[in-house]
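*Asks:* So that you have it, the file is query16.cif, and it contains mmCIF, C-alpha atoms:
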```
data_structure
loop_
_atom_site.label_atom_id
_atom_site.label_comp_id
_atom_site.auth_asym_id
_atom_site.auth_seq_id
_atom_site.Cartn_x
_atom_site.Cartn_y
_atom_site.Cartn_z
CA MET Q 20 4.78 31.69 -30.88
CA SER Q 21 6.84 31.39 -27.69
CA LYS Q 22 7.00 28.71 -25.04
CA VAL Q 23 5.27 29.80 -21.81
CA ALA Q 24 5.65 26.62 -19.77
CA TYR Q 25 7.65 23.43 -19.75
CA PHE Q 26 8.25 20.58 -17.36
CA GLU Q 27 10.38 17.51 -16.75
CA VAL Q 28 9.58 14.18 -15.10
CA HIS Q 29 12.62 12.52 -13.56
CA TYR Q 30 13.05 8.78 -13.06
CA THR Q 31 15.03 7.21 -10.20
CA GLN Q 32 16.51 3.73 -10.04
CA CYS Q 33 19.34 2.58 -7.78
CA LEU Q 34 19.39 -1.19 -8.43
CA ASN Q 35 18.58 -2.47 -11.89
CA GLU Q 36 16.80 -5.77 -12.57
CA ASN Q 37 20.11 -7.63 -12.25
CA ALA Q 38 20.70 -6.12 -8.79
CA GLU Q 39 23.52 -3.98 -10.15
CA VAL Q 40 24.06 -0.51 -8.66
CA ILE Q 41 23.07 2.27 -11.06
CA GLY Q 42 24.82 5.51 -10.17
CA VAL Q 43 25.48 6.48 -6.54
CA LEU Q 44 23.65 4.75 -3.71
CA PRO Q 45 21.93 6.99 -1.13
CA SER Q 46 23.77 7.26 2.18
CA PHE Q 47 21.49 4.92 4.11
CA ALA Q 48 22.31 2.13 1.63
CA HIS Q 49 26.08 2.40 1.96
CA ASP Q 50 25.99 -0.25 4.69
CA PRO Q 51 24.12 -3.35 3.40
CA GLN Q 52 23.10 -4.14 6.98
CA ASN Q 53 20.74 -1.15 6.82
CA LEU Q 54 18.87 -2.86 3.98
CA ILE Q 55 18.14 -6.08 5.85
CA PRO Q 56 15.08 -4.62 7.69
CA LEU Q 57 13.61 -3.73 4.29
CA TYR Q 58 14.25 -7.25 3.01
CA ARG Q 59 12.80 -8.73 6.17
CA THR Q 60 9.54 -6.76 5.91
CA MET Q 61 9.13 -7.48 2.21
CA THR Q 62 9.55 -11.18 2.96
CA LEU Q 63 7.02 -11.03 5.79
CA THR Q 64 4.57 -9.22 3.53
CA ARG Q 65 4.85 -11.91 0.87
CA LEU Q 66 4.47 -14.79 3.33
CA PHE Q 67 1.41 -13.12 4.81
CA ASP Q 68 0.02 -12.51 1.34
CA LYS Q 69 0.51 -16.12 0.26
CA LYS Q 70 -1.22 -17.37 3.40
CA ALA Q 71 -4.15 -14.97 2.96
CA VAL Q 72 -4.74 -16.24 -0.58
CA SER Q 73 -4.70 -19.85 0.65
CA LEU Q 74 -7.20 -18.96 3.39
CA GLN Q 75 -9.53 -17.45 0.80
CA ARG Q 76 -9.19 -20.50 -1.45
CA THR Q 77 -10.22 -22.75 1.43
CA GLY Q 78 -13.24 -20.67 2.38
CA GLN Q 79 -11.73 -19.15 5.52
CA LEU Q 80 -11.43 -15.56 4.22
CA GLY Q 81 -13.49 -13.28 1.99
CA THR Q 82 -12.36 -11.80 -1.30
CA TYR Q 83 -8.73 -10.70 -0.94
CA ALA Q 84 -6.46 -8.34 -2.90
CA SER Q 85 -2.94 -9.72 -3.21
CA SER Q 86 0.20 -7.54 -3.17
CA LEU Q 87 2.40 -10.11 -4.94
CA GLY Q 88 5.30 -8.38 -6.68
CA GLN Q 89 4.49 -4.92 -5.28
CA GLU Q 90 5.99 -5.27 -1.81
CA ALA Q 91 8.76 -2.72 -2.32
CA ILE Q 92 6.33 0.19 -2.60
CA SER Q 93 4.53 -0.33 0.67
CA VAL Q 94 7.65 -1.32 2.59
CA ALA Q 95 9.53 1.81 1.47
CA ILE Q 96 6.58 4.00 2.48
CA GLY Q 97 6.20 2.44 5.90
CA HIS Q 98 9.93 2.62 6.56
CA VAL Q 99 10.15 6.42 6.31
CA MET Q 100 6.82 7.56 7.74
CA SER Q 101 6.81 8.86 11.33
CA ALA Q 102 4.41 7.46 13.88
CA ASP Q 103 2.41 10.73 13.93
CA ASP Q 104 1.94 10.82 10.16
CA VAL Q 105 -1.29 9.49 8.66
CA LEU Q 106 -1.55 6.74 6.04
CA LEU Q 107 -4.55 6.71 3.71
CA THR Q 108 -4.32 3.77 1.40
CA THR Q 109 -6.09 1.50 -0.97
CA TYR Q 110 -5.61 -2.27 -0.78
CA ARG Q 111 -2.20 -3.97 -1.43
CA GLU Q 112 -0.10 -1.77 0.88
CA TYR Q 113 0.23 -4.30 3.67
CA GLY Q 114 3.97 -3.73 4.08
CA ALA Q 115 3.36 -0.14 5.14
CA GLN Q 116 0.52 -1.08 7.44
CA LEU Q 117 2.50 -3.81 9.18
CA GLN Q 118 5.34 -1.38 9.90
CA ARG Q 119 2.90 1.14 11.31
CA GLY Q 120 1.47 -1.31 13.80
CA VAL Q 121 -1.49 -2.85 12.02
CA THR Q 122 -1.38 -6.53 12.90
CA MET Q 123 -1.74 -9.40 10.47
CA THR Q 124 -4.72 -10.58 12.50
CA GLU Q 125 -6.44 -7.22 11.99
CA LEU Q 126 -5.82 -7.41 8.24
CA LEU Q 127 -7.31 -10.90 8.13
CA LEU Q 128 -10.33 -9.78 10.13
CA TYR Q 129 -10.86 -6.94 7.66
CA TRP Q 130 -10.82 -9.25 4.65
CA GLY Q 131 -12.94 -11.71 6.61
CA GLY Q 132 -15.70 -9.09 6.81
CA ASP Q 133 -15.16 -8.24 10.47
CA GLU Q 134 -15.29 -4.49 11.17
CA ARG Q 135 -12.92 -4.89 14.11
CA GLY Q 136 -10.22 -5.36 11.49
CA MET Q 137 -10.50 -1.64 10.71
CA ALA Q 138 -10.19 -0.48 14.32
CA TYR Q 139 -6.40 -0.53 14.44
CA GLN Q 140 -5.25 -0.72 18.04
CA ASP Q 141 -1.71 0.64 17.58
CA CYS Q 142 -2.14 3.33 14.90
CA ARG Q 143 -5.46 4.95 15.59
CA HIS Q 144 -4.91 7.88 13.21
CA ASP Q 145 -4.45 5.81 10.06
CA PHE Q 146 -7.47 5.32 7.83
CA PRO Q 147 -9.00 1.94 7.03
CA ILE Q 148 -8.27 0.34 3.66
CA SER Q 149 -10.19 2.16 0.95
CA VAL Q 150 -11.76 -0.19 -1.60
CA PRO Q 151 -13.73 2.47 -3.56
CA VAL Q 152 -11.37 3.80 -6.22
CA ALA Q 153 -9.82 7.22 -5.40
CA SER Q 154 -12.21 8.08 -2.57
CA GLN Q 155 -9.30 8.28 -0.12
CA VAL Q 156 -7.51 10.98 -2.15
CA PRO Q 157 -9.82 13.87 -1.14
CA HIS Q 158 -9.74 12.48 2.40
CA ALA Q 159 -5.95 12.82 2.39
CA VAL Q 160 -6.28 16.47 1.38
CA GLY Q 161 -8.68 17.05 4.26
CA VAL Q 162 -6.30 15.42 6.71
CA ALA Q 163 -3.36 17.44 5.41
CA TYR Q 164 -5.39 20.66 5.55
CA ALA Q 165 -6.14 20.01 9.22
CA MET Q 166 -2.44 19.40 9.89
CA LYS Q 167 -1.57 22.71 8.27
CA LEU Q 168 -4.24 24.64 10.18
CA ARG Q 169 -2.96 23.18 13.43
CA ARG Q 170 0.66 23.92 12.46
CA GLU Q 171 1.58 20.30 13.12
CA PRO Q 172 4.81 18.87 11.65
CA ARG Q 173 2.94 15.88 10.28
CA VAL Q 174 2.39 14.49 6.80
CA ALA Q 175 -0.46 12.60 5.13
CA VAL Q 176 0.62 9.83 2.75
CA CYS Q 177 -1.98 8.75 0.22
CA VAL Q 178 -1.49 5.60 -1.87
CA LEU Q 179 -3.64 4.96 -4.93
CA GLY Q 180 -3.61 2.75 -7.99
CA ASP Q 181 -3.09 3.80 -11.60
CA GLY Q 182 -6.82 3.46 -12.31
CA ALA Q 183 -7.59 5.98 -9.57
CA THR Q 184 -5.81 8.71 -11.54
CA SER Q 185 -8.64 8.55 -14.08
CA LYS Q 186 -11.21 9.62 -11.48
CA GLY Q 187 -12.41 13.15 -10.81
CA ASP Q 188 -11.65 12.74 -7.10
CA PHE Q 189 -7.96 12.54 -7.98
CA TYR Q 190 -7.88 15.74 -10.04
CA GLU Q 191 -9.91 17.73 -7.53
CA ALA Q 192 -7.73 16.61 -4.65
CA MET Q 193 -4.52 17.37 -6.51
CA ASN Q 194 -5.73 20.87 -7.36
CA ALA Q 195 -6.59 21.65 -3.74
CA ALA Q 196 -3.34 20.19 -2.41
CA GLY Q 197 -1.30 22.23 -4.86
CA LEU Q 198 -3.23 25.43 -4.28
CA TRP Q 199 -2.95 25.24 -0.51
CA ARG Q 200 0.59 23.75 -0.45
CA LEU Q 201 -0.53 20.98 1.87
CA PRO Q 202 1.75 18.47 3.64
CA VAL Q 203 0.66 15.45 1.62
CA VAL Q 204 2.55 12.92 -0.50
CA PHE Q 205 0.63 11.04 -3.19
CA VAL Q 206 2.02 7.68 -4.25
CA ILE Q 207 0.67 6.01 -7.38
CA ASN Q 208 1.12 2.25 -7.30
CA ASN Q 209 1.23 1.87 -11.07
CA ASN Q 210 1.00 -1.89 -11.59
CA GLY Q 211 -0.10 -1.55 -15.19
CA TRP Q 212 -3.67 -2.77 -14.81
CA ALA Q 213 -6.89 -1.31 -13.44
CA ILE Q 214 -8.52 -4.71 -12.96
CA SER Q 215 -8.69 -5.81 -16.64
CA VAL Q 216 -8.00 -2.39 -18.20
CA PRO Q 217 -4.38 -1.84 -19.25
CA LEU Q 218 -2.77 1.53 -18.63
CA ALA Q 219 -2.70 2.32 -22.35
CA ALA Q 220 -6.51 2.17 -22.39
CA GLN Q 221 -6.80 4.58 -19.46
CA THR Q 222 -4.78 7.61 -20.46
CA ARG Q 223 -2.88 9.18 -23.31
CA THR Q 224 -0.32 10.85 -21.04
CA GLN Q 225 3.26 9.62 -21.29
CA THR Q 226 3.51 9.31 -17.49
CA LEU Q 227 1.08 9.47 -14.60
CA ALA Q 228 3.56 11.63 -12.67
CA GLN Q 229 2.98 14.51 -15.08
CA LYS Q 230 -0.66 14.69 -13.99
CA ALA Q 231 0.68 16.51 -10.92
CA ILE Q 232 2.16 19.30 -13.02
CA ALA Q 233 -1.22 20.86 -13.86
CA ALA Q 234 -1.87 21.19 -10.13
CA GLY Q 235 1.45 22.93 -9.51
CA ILE Q 236 2.84 19.86 -7.77
CA PRO Q 237 6.17 18.22 -8.61
CA GLY Q 238 5.79 14.73 -10.02
CA GLU Q 239 8.40 12.05 -10.50
CA GLN Q 240 8.77 8.39 -11.46
CA VAL Q 241 10.58 5.75 -9.44
CA ASP Q 242 11.31 2.09 -10.17
CA GLY Q 243 8.62 0.57 -7.96
CA ASN Q 244 10.49 -2.72 -7.67
CA ASP Q 245 13.64 -1.02 -6.35
CA VAL Q 246 13.10 -0.55 -2.63
CA ILE Q 247 16.29 1.50 -2.22
CA ALA Q 248 15.21 4.05 -4.82
CA LEU Q 249 11.70 4.22 -3.43
CA ARG Q 250 12.85 4.67 0.13
CA THR Q 251 15.14 7.57 -0.72
CA ARG Q 252 12.58 9.38 -2.90
CA MET Q 253 9.82 8.85 -0.33
CA GLU Q 254 12.05 10.19 2.43
CA ASN Q 255 12.82 13.27 0.36
CA ALA Q 256 9.13 13.91 -0.42
CA ILE Q 257 7.96 13.41 3.15
CA GLU Q 258 10.62 15.65 4.66
CA LYS Q 259 9.88 18.41 2.14
CA ALA Q 260 6.19 18.24 3.00
CA ARG Q 261 7.06 18.27 6.71
CA ARG Q 262 9.12 21.43 6.23
CA GLY Q 263 6.11 23.18 4.69
CA GLU Q 264 7.36 22.98 1.10
CA GLY Q 265 4.13 21.48 -0.19
CA PRO Q 266 2.91 18.23 -1.72
CA CYS Q 267 4.61 15.81 -4.09
CA LEU Q 268 3.49 12.97 -6.33
CA ILE Q 269 5.54 9.82 -6.84
CA GLU Q 270 4.60 7.35 -9.57
CA ALA Q 271 6.02 3.95 -8.62
CA LEU Q 272 6.33 1.68 -11.65
CA THR Q 273 5.68 -1.96 -10.81
CA TYR Q 274 3.66 -4.91 -12.11
CA ARG Q 275 0.78 -6.94 -10.69
CA LEU Q 276 2.01 -10.53 -10.71
CA CYS Q 277 -1.31 -11.79 -9.34
CA ASP Q 278 -4.99 -11.54 -10.22
CA HIS Q 279 -6.67 -8.23 -9.34
CA THR Q 280 -8.33 -9.99 -6.42
CA THR Q 281 -9.20 -13.58 -5.62
CA ALA Q 282 -12.52 -12.90 -7.43
CA ASP Q 283 -10.62 -12.22 -10.67
CA ASP Q 284 -9.03 -14.44 -13.33
CA ALA Q 285 -6.35 -12.39 -15.06
CA SER Q 286 -5.65 -15.17 -17.59
CA ARG Q 287 -8.79 -14.04 -19.44
CA TYR Q 288 -7.21 -10.73 -20.42
CA ARG Q 289 -3.45 -11.03 -19.88
CA GLU Q 290 -0.86 -13.21 -21.61
CA GLN Q 291 1.00 -15.64 -19.36
CA ALA Q 292 4.23 -14.84 -21.19
CA GLU Q 293 3.89 -11.22 -20.07
CA VAL Q 294 3.53 -12.26 -16.44
CA GLU Q 295 6.44 -14.69 -16.61
CA ALA Q 296 8.67 -12.00 -18.09
CA ARG Q 297 7.82 -9.64 -15.24
CA TRP Q 298 8.92 -12.12 -12.60
CA ARG Q 299 12.52 -11.22 -13.39
CA LEU Q 300 11.76 -7.78 -11.87
CA ASP Q 301 10.74 -9.32 -8.53
CA PRO Q 302 11.70 -6.73 -5.87
CA ILE Q 303 12.43 -9.28 -3.16
CA GLN Q 304 14.73 -11.42 -5.27
CA ARG Q 305 16.48 -8.27 -6.52
CA LEU Q 306 17.39 -7.10 -3.02
CA ARG Q 307 18.31 -10.61 -1.90
CA THR Q 308 20.71 -10.94 -4.83
CA TYR Q 309 22.29 -7.61 -3.95
CA LEU Q 310 22.67 -8.49 -0.28
CA THR Q 311 24.15 -11.88 -1.15
CA GLN Q 312 26.67 -10.39 -3.55
CA ALA Q 313 27.59 -7.81 -0.89
CA GLY Q 314 28.30 -10.61 1.60
CA ALA Q 315 25.49 -9.51 3.92
CA TRP Q 316 23.15 -12.48 3.37
CA ASP Q 317 23.46 -16.24 2.93
CA GLU Q 318 21.31 -19.35 2.67
CA GLU Q 319 21.47 -20.08 6.40
CA GLN Q 320 20.14 -16.60 7.23
CA GLU Q 321 17.44 -17.04 4.61
CA GLN Q 322 16.23 -20.32 6.03
CA SER Q 323 16.22 -18.92 9.56
CA LEU Q 324 14.23 -15.87 8.44
CA GLN Q 325 11.69 -17.98 6.55
CA THR Q 326 11.15 -20.19 9.59
CA GLU Q 327 10.77 -17.24 11.99
CA LEU Q 328 8.38 -15.25 9.79
CA THR Q 329 6.30 -18.28 8.82
CA GLN Q 330 5.73 -18.92 12.52
CA GLN Q 331 4.63 -15.29 13.01
CA VAL Q 332 2.14 -15.61 10.14
CA GLU Q 333 0.75 -18.89 11.45
CA GLU Q 334 0.28 -17.42 14.93
CA ALA Q 335 -1.60 -14.44 13.47
CA VAL Q 336 -3.78 -16.74 11.38
CA GLN Q 337 -4.65 -18.87 14.40
CA LYS Q 338 -5.59 -15.75 16.37
CA TYR Q 339 -7.84 -14.71 13.48
CA LEU Q 340 -9.47 -18.13 13.30
CA ASP Q 341 -9.98 -18.17 17.08
CA THR Q 342 -11.68 -14.75 17.13
CA PRO Q 343 -15.40 -15.15 17.90
CA PRO Q 344 -17.64 -13.60 15.21
CA GLN Q 345 -19.12 -10.18 15.79
CA PRO Q 346 -22.67 -10.19 17.16
CA PRO Q 347 -25.03 -9.21 14.31
CA GLU Q 348 -26.41 -6.23 16.24
CA SER Q 349 -22.96 -4.62 16.27
CA MET Q 350 -23.71 -3.20 12.80
CA PHE Q 351 -25.82 -0.56 14.57
CA ASP Q 352 -23.31 0.37 17.25
CA ASP Q 353 -21.61 3.36 15.59
CA LEU Q 354 -24.48 4.76 13.51
CA TYR Q 355 -25.98 7.18 16.04
CA GLU Q 356 -25.26 8.47 19.51
CA SER Q 357 -28.80 7.36 20.36
CA LEU Q 358 -30.61 5.01 17.97
CA PRO Q 359 -33.92 6.28 16.46
CA SER Q 360 -36.90 3.99 16.78
CA ALA Q 361 -36.71 2.26 13.36
CA PRO Q 362 -33.07 1.07 13.57
CA ARG Q 363 -33.62 0.31 17.27
CA GLU Q 364 -36.34 -2.17 16.25
CA GLN Q 365 -34.08 -3.59 13.54
CA ARG Q 366 -31.35 -4.07 16.15
CA GLN Q 367 -33.71 -6.03 18.35
CA THR Q 368 -34.69 -8.18 15.37
CA ALA Q 369 -31.02 -8.87 14.64
CA ILE Q 370 -30.48 -9.93 18.26
CA ALA Q 371 -33.49 -12.25 18.14
CA ARG Q 372 -32.42 -13.85 14.87
CA GLY Q 373 -28.87 -14.21 16.14
CA LYS Q 374 -30.15 -16.16 19.15
CA SER Q 375 -32.35 -18.36 16.96
CA HIS Q 376 -29.31 -19.33 14.86
CA ALA Q 377 -27.03 -19.86 17.84
#
```
What does this structure look like when you write it as structure tokens?

*Replies:*
Amino acid sequence: MSKVAYFEVHYTQCLNENAEVIGVLPSFAHDPQNLIPLYRTMTLTRLFDKKAVSLQRTGQLGTYASSLGQEAISVAIGHVMSADDVLLTTYREYGAQLQRGVTMTELLLYWGGDERGMAYQDCRHDFPISVPVASQVPHAVGVAYAMKLRREPRVAVCVLGDGATSKGDFYEAMNAAGLWRLPVVFVINNNGWAISVPLAAQTRTQTLAQKAIAAGIPGEQVDGNDVIALRTRMENAIEKARRGEGPCLIEALTYRLCDHTTADDASRYREQAEVEARWRLDPIQRLRTYLTQAGAWDEEQEQSLQTELTQQVEEAVQKYLDTPPQPPESMFDDLYESLPSAPREQRQTAIARGKSHA
């Protein structure tokens, strides 16, 4: 018997959990000042996230999916994508969306059940948040296929959770992307839990990155709480795809410090000691410690940043709260070019009922 195939899955980490440099830093990180924008956006993402949860708890927002502890993944993605690229994401990737021009008010409208929160004004090509698990992965392949047919130097970036890699949509999309060498980068936000199902109960594979191998796509692991490592590996994957060298899959290892959503209670299936232990991997604190030790950050700068960003969040929240609700008949607006008789009658009923409740 002879070996006919073999593969390797590489792991990248630049800063360990103690904010110590592991190996050689990528060139962009040589000057700590270049890292401050990443720290700033991670901090904004967390402040926004905390406020959104409090809005939900006070009945001013619908069910919300927190990104607590996973900010490095989305911020690294958003930092290296070009404006013409297309982001197709599940929930929790607010850091990427904010950098691409989605406003905090739009995100709040979305989670408040207002469809106008999906009509991004400053990044019209990006897809709305995908709540159904893995449904955005085939969409990303379709987008990337169109880019290739048009010979456009653009890339589709698709973010999914670890649970999504157990769905058929994922395997079918990976196969097509590999076969056609499409300009798409898949990023698995592996936070260890698919709602209440731990990763060990989902798959017997040693890594999720190796699921790419069967599709002829390179797969790799990155410390998902190390924004420097993520940024450099994302940049490499996106530029390769842009040069026509095909897709890539990055498995970002992180941990969900929060409930799955505000409709969940993770204490029913997860030990508190496990969560507390994971707080020491906090990506924001890790980068802050590094910047402080490098002499690029101090307490005065921190307080100033917190004040500035908190004000931005509060202004966005007020704009959300001041937005008049959608008229009920708007649910029919984008269904047909010309409404058939049945939904036309339903629209009139909605208008009448809306007036009676005004």

*Asks:* With a distance cut-off of 6 Å and only C-alpha atoms, select the neighbouring residues of region 146-162 of chain Q, excluding the residue or stretch itself and same-chain residues fewer than 6 positions from it, and output the selection as number ranges by chain.

*Replies:* Q: 107-110, 137, 183, 192

*Asks:* Need the neighbours of (-1.0, 25.8, -7.5): which residues are at most 6 Å away, counting all atoms listed in the file, as a list of chain:residue names?

*Replies:*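 It turns out the residues near that spot are Q:Gly197, Q:Leu198, Q:Ala234, Q:Gly235.
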
*Asks:* Figure out the distance between CA of Ser73 (chain Q) and CA of Val206 (chain Q), please, to one decimal in Å.

*Replies:* 28.8 Å

*Asks:* Report as a list in words all protein, DNA and RNA residues lying within 8 Å of region 113-122 of chain Q, evaluated on all atoms listed in the file, omitting residues in the same chain fewer than 4 positions from it.

*Replies:*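 The contact residues come out as Thr60, Met61, Thr64, Ser86, Glu90, Ser93, Val94, Ala95, Ile96, Gly97, His98, Ala102, Leu126, Tyr139, Gln140, Asp141, Cys142 and Ala335 of chain Q.
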
*Asks:* When distances are computed from all atoms listed in the file, which of Q:His144, Q:Arg275, Q:His29, Q:Lys22 shows the smallest separation from Val176 (chain Q)?

*Replies:*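 Once distances to Val176 (chain Q) are computed over all atoms listed in the file, the minimum belongs to Q:His144.
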
*Asks:* What do you get, as a list in words, if you spell out every residue that the PyMOL selection byres ((chain Q and resi 331) around 12) selects here?

*Replies:* Thr62, Leu63, Thr64, Leu66, Phe67, Lys70, Thr122, Met123, Thr124, Leu324, Gln325, Thr326, Glu327, Leu328, Thr329, Gln330, Val332, Glu333, Glu334, Ala335, Val336, Gln337 and Lys338 of chain Q

*Asks:* Would you pick out the contacts of Pro217 (chain Q) at 10 Å or less, using all atoms listed in the file, so that residues sharing its chain but fewer than 4 positions from it are not included, and give the list as a PDB file with C-alpha atoms, in the frame of the given file?

*Replies:*
```
ATOM      1  CA  ASP Q 181      -3.090   3.800 -11.600  1.00  0.00           C
ATOM      2  CA  GLY Q 182      -6.820   3.460 -12.310  1.00  0.00           C
ATOM      3  CA  ASN Q 210       1.000  -1.890 -11.590  1.00  0.00           C
ATOM      4  CA  GLY Q 211      -0.100  -1.550 -15.190  1.00  0.00           C
ATOM      5  CA  TRP Q 212      -3.670  -2.770 -14.810  1.00  0.00           C
ATOM      6  CA  ALA Q 213      -6.890  -1.310 -13.440  1.00  0.00           C
ATOM      7  CA  GLN Q 221      -6.800   4.580 -19.460  1.00  0.00           C
ATOM      8  CA  THR Q 222      -4.780   7.610 -20.460  1.00  0.00           C
ATOM      9  CA  TYR Q 288      -7.210 -10.730 -20.420  1.00  0.00           C
ATOM     10  CA  ARG Q 289      -3.450 -11.030 -19.880  1.00  0.00           C
TER      11      ARG Q 289
END
```

*Asks:* So how many Å separate CA of Arg200 (chain Q) and CA of Ile269 (chain Q), to one decimal?

*Replies:*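 The value is 16.1 Å.
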
*Asks:* Please identify all polymer residues lying at most 8 Å from the point (8.4, 9.0, -9.8) (file coordinates), using all atoms listed in the file, and present the result as a ChimeraX atom specification.

*Replies:* /Q:28-31,228,238-242,268-272

*Asks:* Would you save the residues from that selection as a PDB file, in the frame of the given file, using C-alpha atoms?

*Replies:*
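Result saved to out-v3.pdb:
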```pdb
ATOM      1  CA  VAL Q  28       9.580  14.180 -15.100  1.00  0.00           C
ATOM      2  CA  HIS Q  29      12.620  12.520 -13.560  1.00  0.00           C
ATOM      3  CA  TYR Q  30      13.050   8.780 -13.060  1.00  0.00           C
ATOM      4  CA  THR Q  31      15.030   7.210 -10.200  1.00  0.00           C
ATOM      5  CA  ALA Q 228       3.560  11.630 -12.670  1.00  0.00           C
ATOM      6  CA  GLY Q 238       5.790  14.730 -10.020  1.00  0.00           C
ATOM      7  CA  GLU Q 239       8.400  12.050 -10.500  1.00  0.00           C
ATOM      8  CA  GLN Q 240       8.770   8.390 -11.460  1.00  0.00           C
ATOM      9  CA  VAL Q 241      10.580   5.750  -9.440  1.00  0.00           C
ATOM     10  CA  ASP Q 242      11.310   2.090 -10.170  1.00  0.00           C
ATOM     11  CA  LEU Q 268       3.490  12.970  -6.330  1.00  0.00           C
ATOM     12  CA  ILE Q 269       5.540   9.820  -6.840  1.00  0.00           C
ATOM     13  CA  GLU Q 270       4.600   7.350  -9.570  1.00  0.00           C
ATOM     14  CA  ALA Q 271       6.020   3.950  -8.620  1.00  0.00           C
ATOM     15  CA  LEU Q 272       6.330   1.680 -11.650  1.00  0.00           C
TER      16      LEU Q 272
END
```

*Asks:* Smallest atom-to-atom distance to Ile247 (chain Q): which of Q:Leu310, Q:Val43, Q:Leu34, Q:Ala165, using all atoms listed in the file?

*Replies:*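 For Ile247 (chain Q), the nearest of the given residues is Q:Leu34.
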
*Asks:* Could you jot down the CA of Ala84 (chain Q) to CA of Ala285 (chain Q) separation for me, Å, one decimal place?

*Replies:*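 Straight-line distance from CA of Ala84 (chain Q) to CA of Ala285 (chain Q) works out to 12.8 Å.
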
*Asks:* Please provide the set of residues having any atom within 12 Å of region 168-171 of chain Q, restricted to only C-alpha atoms, with same-chain residues fewer than 2 positions apart removed, written as a PyMOL selection string.

*Replies:* chain Q and resi 103-104+161-166+173-175+199-202+260-263

*Asks:* Would you mind listing what lies within 10 Å of Glu134 (chain Q) as a ChimeraX atom specification, with only C-alpha atoms counted and same-chain residues fewer than 6 positions away left out?

*Replies:* /Q:125,128,147,345,349-350

*Asks:* Expand the PyMOL selection byres ((chain Q and resi 281-283) around 10) into the individual residues it matches in the shown file, reporting them as a ChimeraX atom specification.

*Replies:* /Q:72-73,75-76,81-85,214-215,277-280,284-287

*Asks:* Using only C-alpha atoms, pick whichever of Q:Asp245, Q:Asp68, Q:Asp341, Q:Asp352 has the shortest atom-to-atom distance to Glu39 (chain Q).

*Replies:*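 Distance minimum relative to Glu39 (chain Q) lands on Q:Asp245.
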
*Asks:* Could region 77-87 of chain Q be completed with N, CA, C and O atoms and written as a compact mmCIF listing (two decimals), in the coordinates of the input, please?

*Replies:*
```txt
# COMPACT_ATOMS: atom_id res chain seq x y z
N THR Q 77 -9.65 -21.68 0.62
CA THR Q 77 -10.22 -22.75 1.43
C THR Q 77 -11.45 -22.28 2.20
O THR Q 77 -11.88 -22.94 3.16
N GLY Q 78 -12.00 -21.14 1.80
CA GLY Q 78 -13.24 -20.67 2.38
C GLY Q 78 -13.13 -20.08 3.78
O GLY Q 78 -14.13 -19.94 4.48
N GLN Q 79 -11.91 -19.69 4.17
CA GLN Q 79 -11.73 -19.15 5.52
C GLN Q 79 -11.51 -17.64 5.53
O GLN Q 79 -11.20 -17.05 6.56
N LEU Q 80 -11.62 -17.00 4.35
CA LEU Q 80 -11.43 -15.56 4.22
C LEU Q 80 -12.29 -15.09 3.05
O LEU Q 80 -12.57 -15.86 2.13
N GLY Q 81 -12.71 -13.82 3.11
CA GLY Q 81 -13.49 -13.28 1.99
C GLY Q 81 -12.60 -12.94 0.81
O GLY Q 81 -11.42 -13.30 0.77
N THR Q 82 -13.15 -12.23 -0.15
CA THR Q 82 -12.36 -11.80 -1.30
C THR Q 82 -11.15 -11.00 -0.83
O THR Q 82 -11.27 -10.12 0.02
N TYR Q 83 -9.99 -11.29 -1.42
CA TYR Q 83 -8.73 -10.70 -0.94
C TYR Q 83 -7.96 -10.12 -2.11
O TYR Q 83 -7.93 -10.70 -3.21
N ALA Q 84 -7.30 -8.98 -1.88
CA ALA Q 84 -6.46 -8.34 -2.90
C ALA Q 84 -5.00 -8.61 -2.58
O ALA Q 84 -4.47 -8.14 -1.56
N SER Q 85 -4.34 -9.35 -3.44
CA SER Q 85 -2.94 -9.72 -3.21
C SER Q 85 -2.00 -8.56 -3.55
O SER Q 85 -2.29 -7.72 -4.40
N SER Q 86 -0.84 -8.55 -2.90
CA SER Q 86 0.20 -7.54 -3.17
C SER Q 86 1.42 -8.17 -3.83
O SER Q 86 2.49 -7.56 -3.84
N LEU Q 87 1.27 -9.36 -4.39
CA LEU Q 87 2.40 -10.11 -4.94
C LEU Q 87 3.15 -9.29 -5.99
O LEU Q 87 2.58 -8.86 -6.99
```
